[in-house]
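J.: Next comes the structure file query_13.cif, holding mmCIF, C-alpha atoms.
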data_final
loop_
_atom_site.label_atom_id
_atom_site.label_comp_id
_atom_site.auth_asym_id
_atom_site.auth_seq_id
_atom_site.Cartn_x
_atom_site.Cartn_y
_atom_site.Cartn_z
CA MET A 1 -4.51 52.57 0.77
CA ARG A 2 -4.63 51.62 -2.90
CA VAL A 3 -5.77 54.31 -5.34
CA LEU A 4 -6.51 54.32 -9.08
CA ILE A 5 -5.88 57.53 -11.04
CA ALA A 6 -7.71 57.71 -14.38
CA GLU A 7 -6.57 60.93 -16.05
CA ASP A 8 -5.64 61.40 -19.71
CA GLU A 9 -3.36 64.42 -19.11
CA ARG A 10 -0.18 62.41 -18.62
CA ASP A 11 1.82 65.12 -16.85
CA LEU A 12 -1.01 65.75 -14.39
CA ASN A 13 -1.48 62.02 -13.91
CA ARG A 14 2.23 61.64 -13.12
CA ILE A 15 2.26 64.58 -10.69
CA ILE A 16 -0.78 63.27 -8.78
CA ALA A 17 0.75 59.78 -8.65
CA GLN A 18 4.03 61.16 -7.27
CA LYS A 19 2.22 63.18 -4.61
CA LEU A 20 0.08 60.28 -3.45
CA THR A 21 3.03 57.88 -3.47
CA GLN A 22 4.87 60.32 -1.19
CA GLU A 23 1.78 60.31 1.04
CA GLY A 24 2.10 56.53 1.38
CA TYR A 25 -0.57 55.39 -1.08
CA SER A 26 -0.16 52.49 -3.48
CA VAL A 27 -1.02 54.01 -6.85
CA ASP A 28 -2.06 52.58 -10.21
CA THR A 29 -2.63 54.83 -13.22
CA CYS A 30 -4.41 54.74 -16.57
CA TYR A 31 -5.16 57.28 -19.27
CA ASP A 32 -8.59 56.49 -20.72
CA GLY A 33 -12.03 55.47 -19.52
CA LYS A 34 -12.14 52.09 -21.21
CA GLU A 35 -8.90 51.04 -19.55
CA ALA A 36 -10.26 52.27 -16.21
CA MET A 37 -13.36 50.09 -16.67
CA ASP A 38 -11.19 47.07 -17.46
CA ILE A 39 -8.99 47.58 -14.39
CA LEU A 40 -11.99 48.14 -12.10
CA SER A 41 -13.61 44.93 -13.32
CA TYR A 42 -10.96 42.84 -11.56
CA THR A 43 -9.31 45.11 -8.95
CA ASP A 44 -10.79 46.79 -5.88
CA TYR A 45 -9.46 50.15 -4.71
CA ASP A 46 -9.87 52.19 -1.56
CA ALA A 47 -10.49 55.28 -3.71
CA ILE A 48 -10.57 56.40 -7.35
CA ILE A 49 -9.53 59.74 -8.83
CA LEU A 50 -11.45 60.03 -12.08
CA ASP A 51 -11.17 62.63 -14.82
CA ILE A 52 -14.51 63.38 -16.51
CA MET A 53 -13.31 64.10 -20.05
CA MET A 54 -11.31 61.05 -21.21
CA PRO A 55 -11.00 59.07 -24.46
CA GLY A 56 -12.61 55.64 -24.66
CA ALA A 57 -15.30 56.44 -22.09
CA ASP A 58 -15.92 59.54 -20.04
CA GLY A 59 -15.83 59.64 -16.26
CA PHE A 60 -19.61 59.48 -15.99
CA ALA A 61 -19.67 56.19 -17.94
CA VAL A 62 -16.88 54.74 -15.79
CA LEU A 63 -18.69 55.71 -12.59
CA ARG A 64 -22.02 54.40 -13.87
CA SER A 65 -20.39 51.06 -14.70
CA LEU A 66 -18.86 50.93 -11.24
CA ARG A 67 -22.09 51.70 -9.39
CA ASP A 68 -24.15 49.34 -11.60
CA ARG A 69 -21.92 46.52 -10.37
CA GLY A 70 -22.62 47.49 -6.77
CA LYS A 71 -19.16 48.91 -6.09
CA ALA A 72 -19.32 51.60 -3.42
CA MET A 73 -15.64 52.63 -3.41
CA PRO A 74 -15.31 56.43 -3.11
CA VAL A 75 -14.75 58.45 -6.30
CA LEU A 76 -13.34 61.95 -6.66
CA PHE A 77 -14.08 63.62 -10.00
CA LEU A 78 -11.55 65.91 -11.68
CA THR A 79 -12.75 68.34 -14.35
CA ALA A 80 -12.08 71.66 -16.02
CA ARG A 81 -15.82 72.35 -16.05
CA ASP A 82 -16.74 74.73 -13.25
CA SER A 83 -20.45 75.44 -13.68
CA VAL A 84 -22.90 74.63 -10.89
CA GLN A 85 -24.78 72.32 -13.26
CA ASP A 86 -21.63 70.30 -13.95
CA ARG A 87 -20.86 69.97 -10.24
CA VAL A 88 -24.42 68.91 -9.49
CA ARG A 89 -24.37 66.31 -12.27
CA GLY A 90 -21.09 64.91 -11.01
CA LEU A 91 -22.30 64.53 -7.44
CA ASP A 92 -25.74 63.26 -8.44
CA SER A 93 -24.13 60.61 -10.64
CA GLY A 94 -22.62 58.98 -7.55
CA ALA A 95 -19.29 60.77 -7.09
CA ASN A 96 -18.21 61.46 -3.52
CA ASP A 97 -16.32 64.66 -4.28
CA TYR A 98 -15.52 67.01 -7.15
CA MET A 99 -12.44 69.14 -7.85
CA ILE A 100 -12.02 71.75 -10.56
CA LYS A 101 -8.73 72.08 -12.45
CA PRO A 102 -6.33 73.61 -11.66
CA PHE A 103 -6.22 72.56 -8.02
CA SER A 104 -3.84 72.31 -5.09
CA MET A 105 -2.16 68.95 -4.60
CA GLU A 106 -2.38 69.48 -0.85
CA GLU A 107 -6.14 69.98 -1.10
CA LEU A 108 -6.46 66.87 -3.29
CA ALA A 109 -4.60 64.81 -0.69
CA ALA A 110 -6.77 66.22 2.11
CA ARG A 111 -9.98 65.45 0.23
CA LEU A 112 -8.77 61.94 -0.48
CA ARG A 113 -8.06 61.41 3.22
CA ALA A 114 -11.53 62.67 4.09
CA MET A 115 -13.18 60.37 1.53
CA THR A 116 -11.35 57.28 2.73
CA ARG A 117 -12.07 58.11 6.39
CA MET A 118 -15.77 58.21 5.62
CA SER A 119 -15.65 54.99 3.62
CA PHE A 120 -14.16 53.25 6.66
CA GLY A 121 -16.80 54.78 8.93
CA GLY A 122 -14.56 57.36 10.57
CA ILE A 123 -14.91 61.09 11.06
CA CYS A 124 -11.58 61.75 12.81
CA SER A 125 -8.11 61.65 11.30
CA VAL A 126 -6.72 59.74 14.30
CA LEU A 127 -6.90 55.93 14.30
CA THR A 128 -6.50 54.13 17.63
CA VAL A 129 -5.84 50.57 18.72
CA GLY A 130 -5.04 50.28 22.41
CA ASP A 131 -2.29 52.80 23.15
CA LEU A 132 -1.26 52.91 19.47
CA THR A 133 -2.38 56.01 17.55
CA MET A 134 -1.98 57.08 13.94
CA ASP A 135 -2.80 60.58 12.71
CA THR A 136 -3.53 60.13 9.01
CA ALA A 137 -3.33 63.88 8.42
CA SER A 138 0.16 64.38 9.86
CA HIS A 139 1.37 60.76 9.42
CA VAL A 140 2.51 60.72 13.05
CA VAL A 141 2.38 57.32 14.77
CA ARG A 142 2.74 56.93 18.53
CA ARG A 143 2.55 54.11 21.03
CA GLY A 144 2.12 55.08 24.66
CA GLY A 145 2.97 58.65 23.69
CA ARG A 146 6.29 57.65 22.10
CA GLU A 147 6.60 58.68 18.46
CA ILE A 148 7.49 55.84 16.08
CA SER A 149 9.37 56.48 12.85
CA LEU A 150 8.06 54.40 9.93
CA SER A 151 9.01 54.12 6.28
CA ALA A 152 6.28 54.93 3.74
CA ARG A 153 5.62 51.22 3.14
CA GLU A 154 5.59 50.37 6.84
CA TYR A 155 3.12 53.20 7.37
CA ALA A 156 0.89 51.94 4.54
CA VAL A 157 0.77 48.40 5.94
CA LEU A 158 0.04 49.66 9.45
CA GLU A 159 -2.65 52.05 8.21
CA TYR A 160 -4.43 49.21 6.42
CA LEU A 161 -4.26 47.06 9.56
CA MET A 162 -5.57 49.90 11.72
CA HIS A 163 -8.46 50.66 9.40
CA ASN A 164 -9.35 46.97 9.72
CA LYS A 165 -8.61 46.51 13.42
CA GLY A 166 -9.96 43.21 14.73
CA VAL A 167 -10.27 41.82 11.19
CA VAL A 168 -7.99 38.98 10.09
CA LEU A 169 -6.35 39.99 6.81
CA SER A 170 -4.69 37.47 4.52
CA ARG A 171 -1.23 38.11 3.12
CA GLU A 172 -2.77 38.37 -0.35
CA LYS A 173 -5.27 41.00 0.74
CA ILE A 174 -2.60 43.11 2.43
CA GLU A 175 -0.34 42.85 -0.61
CA ASP A 176 -3.18 43.77 -2.99
CA HIS A 177 -3.96 46.93 -1.02
CA VAL A 178 -0.43 48.13 -0.31
CA TRP A 179 1.52 47.23 -3.45
CA ASN A 180 0.56 48.28 -6.99
CA PHE A 181 0.71 46.44 -10.32
CA ASP A 182 4.38 47.38 -10.82
CA TYR A 183 5.58 45.51 -7.76
CA GLU A 184 8.05 42.72 -8.57
CA GLY A 185 9.29 41.80 -5.12
CA GLY A 186 9.37 38.48 -3.29
CA THR A 187 6.39 36.42 -2.22
CA ASN A 188 7.14 36.93 1.49
CA VAL A 189 7.08 40.74 1.33
CA VAL A 190 4.11 41.01 3.72
CA ASP A 191 5.84 38.84 6.32
CA VAL A 192 8.95 41.01 6.05
CA TYR A 193 7.02 44.24 6.72
CA ILE A 194 5.01 42.69 9.54
CA ARG A 195 8.34 41.76 11.12
CA TYR A 196 9.56 45.37 10.74
CA LEU A 197 6.35 46.68 12.35
CA ARG A 198 6.51 44.24 15.24
CA LYS A 199 10.04 45.34 16.03
CA LYS A 200 9.00 49.00 16.11
CA ILE A 201 5.57 48.66 17.72
CA ASP A 202 5.48 45.53 19.89
CA GLU A 203 9.09 44.89 20.90
CA GLY A 204 9.49 45.54 24.63
CA GLN A 205 5.75 45.98 25.14
CA LYS A 206 3.81 43.81 27.59
CA LYS A 207 0.74 43.78 25.36
CA LYS A 208 1.31 42.82 21.73
CA LEU A 209 -0.95 44.37 19.10
CA ILE A 210 0.06 42.55 15.89
CA HIS A 211 -1.03 38.93 15.93
CA THR A 212 -0.57 36.01 13.53
CA VAL A 213 -3.60 33.84 12.83
CA ARG A 214 -2.08 30.60 11.63
CA GLY A 215 -3.19 29.69 8.13
CA SER A 216 -5.16 32.93 7.71
CA GLY A 217 -2.96 36.00 8.03
CA TYR A 218 -2.54 38.89 10.45
CA VAL A 219 -4.77 40.95 12.70
CA LEU A 220 -4.21 44.14 14.70
CA ARG A 221 -6.07 44.06 18.00
CA GLU A 222 -5.67 44.75 21.68
CA GLU A 223 -5.71 41.55 23.70
CA THR A 224 -7.89 41.79 26.81
CA ASP A 225 -6.70 40.42 30.13
CA GLY A 226 -8.17 37.09 31.10
#
Now that the file is in, can you turn its structure into structure tokens?
T.:
Amino acid sequence: MRVLIAEDERDLNRIIAQKLTQEGYSVDTCYDGKEAMDILSYTDYDAIILDIMMPGADGFAVLRSLRDRGKAMPVLFLTARDSVQDRVRGLDSGANDYMIKPFSMEELAARLRAMTRMSFGGICSVLTVGDLTMDTASHVVRRGGREISLSAREYAVLEYLMHNKGVVLSREKIEDHVWNFDYEGGTNVVDVYIRYLRKKIDEGQKKKLIHTVRGSGYVLREETDG
């Protein structure tokens, strides 16, 4: 999952980014509303964490700009304002959730997971493709009941594939969702991580789940017999 954090308190921004990176998210950050608008004009995210009171443009203006362009990506508002009226305004403006500072990082991560589940049409934290399961709350991955140990990046690639099971994803699309703006690796990075995942998930299995679609990319699906 790729997340944008727009928060002008730099220490808080850094702490949130560290937490979400540890959780396996690809994270981009900015510190004012105008910059957030610029980034959102050319980059899609799976979720946005948006401070209300920012220089350049406040969170309401950023969200309004996003929704006016037909972007439905989930938004979680952060604010020090704790009145009922402020919460109502935030939710009525199109935000999906609302957290009051100070807050628990664990709760923030849980709310983010809930938002992204809903945006992908899910209500359960467990993703399933064939006998492969991923619990996005505990980060436990199993195939046929056997637990599989994954690095944070391997987990992120697999999670994106599982959220889009049956959908062919190009290398560019996978890279855009799993790696942030700071990435300076090689052009074949997606192929490398797909190879890692195949070794851990498909090697020794009769039914393969990760498939290459020549000229298009990769897809995670369970092949049916016949």
J.: Just say which residues the PyMOL selection byres ((chain A and resi 26-38) around 6) picks in this file, as a list in words.
T.: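 Matching residues under the PyMOL selection byres ((chain A and resi 26-38) around 6) are Arg2, Val3, Leu4, Ile5, Ala6, Glu7, Asp8, Tyr25, Ile39, Leu40, Ser41, Met54, Pro55, Gly56, Ala57, Asp58, Val62, Val178, Trp179 and Asn180 of chain A.
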J.: Any chance you could work out the residue set of the PyMOL selection byres ((chain A and resi 50) around 7) here, as a ChimeraX atom specification?
T.: /A:5-7,48-49,51-52,59,75-78
J.: So, with only C-alpha atoms as the atoms that count, which of A:Val168, A:Ala47, A:Leu209, A:Leu63 lies closest to Arg113 of chain A?
T.: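 Using only C-alpha atoms, Arg113 of chain A sits closest to A:Ala47.
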J.: Going by the chain IDs and residue numbers used in this file, which residues fall under the PyMOL selection byres ((chain A and resi 129) around 10)? Write them as a ChimeraX atom specification.
T.: /A:127-128,130-134,143,161-163,165-166,209,220-222
J.: When you count all atoms listed in the file, which of these residues is closest to Arg89 of chain A: A:Glu172, A:Glu106, A:Gly204, A:Phe60?
T.: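 With all atoms listed in the file as the atom set, the closest residue is A:Phe60.
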J.: Find the distance between atom CA of Ser65 of chain A and atom CA of Thr116 of chain A and write it in Å to one decimal.
T.: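 That distance, rounded to one decimal, is 20.6 Å.
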J.: For a quick check of understanding, using all atoms listed in the file, which of A:Ile100, A:Ile194, A:Val157, A:Val213 has the smallest distance to Val84 of chain A?
T.: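 Residue with the minimum atom-to-atom distance to Val84 of chain A: A:Ile100.
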J.: Find the residues near Val140 of chain A: any atom within 10 Å, counting all atoms listed in the file, skip ones fewer than 3 places away on the same chain, and give them as a ChimeraX atom specification.
T.: /A:126,133-137,147-150,155
J.: So, with only C-alpha atoms as the atoms that count, which of A:Ala109, A:Tyr193, A:Gly145, A:Arg198 lies closest to Gly24 of chain A?
T.: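 Using only C-alpha atoms, Gly24 of chain A sits closest to A:Ala109.
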J.: Using only C-alpha atoms, can you tell me which of A:Ala72, A:Leu66, A:Leu112, A:Ile210 comes closest to Glu223 of chain A?
T.: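 Among A:Ala72, A:Leu66, A:Leu112, A:Ile210, it is A:Ile210 that comes nearest to Glu223 of chain A.
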J.: For atom CA of Arg171 of chain A and atom CA of Val189 of chain A, quote the distance in Å rounded to one decimal.
T.: 8.9 Å
J.: Using only C-alpha atoms, which of A:Ala156, A:Gly94, A:Leu20, A:Val219 sits nearest Gly70 of chain A?
T.: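 Distance minimum relative to Gly70 of chain A lands on A:Gly94.
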J.: Do you have the atom CA of Met115 of chain A-atom CA of Tyr218 of chain A distance handy?
T.: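 About the pair atom CA of Met115 of chain A and atom CA of Tyr218 of chain A: they are 25.6 Å apart.
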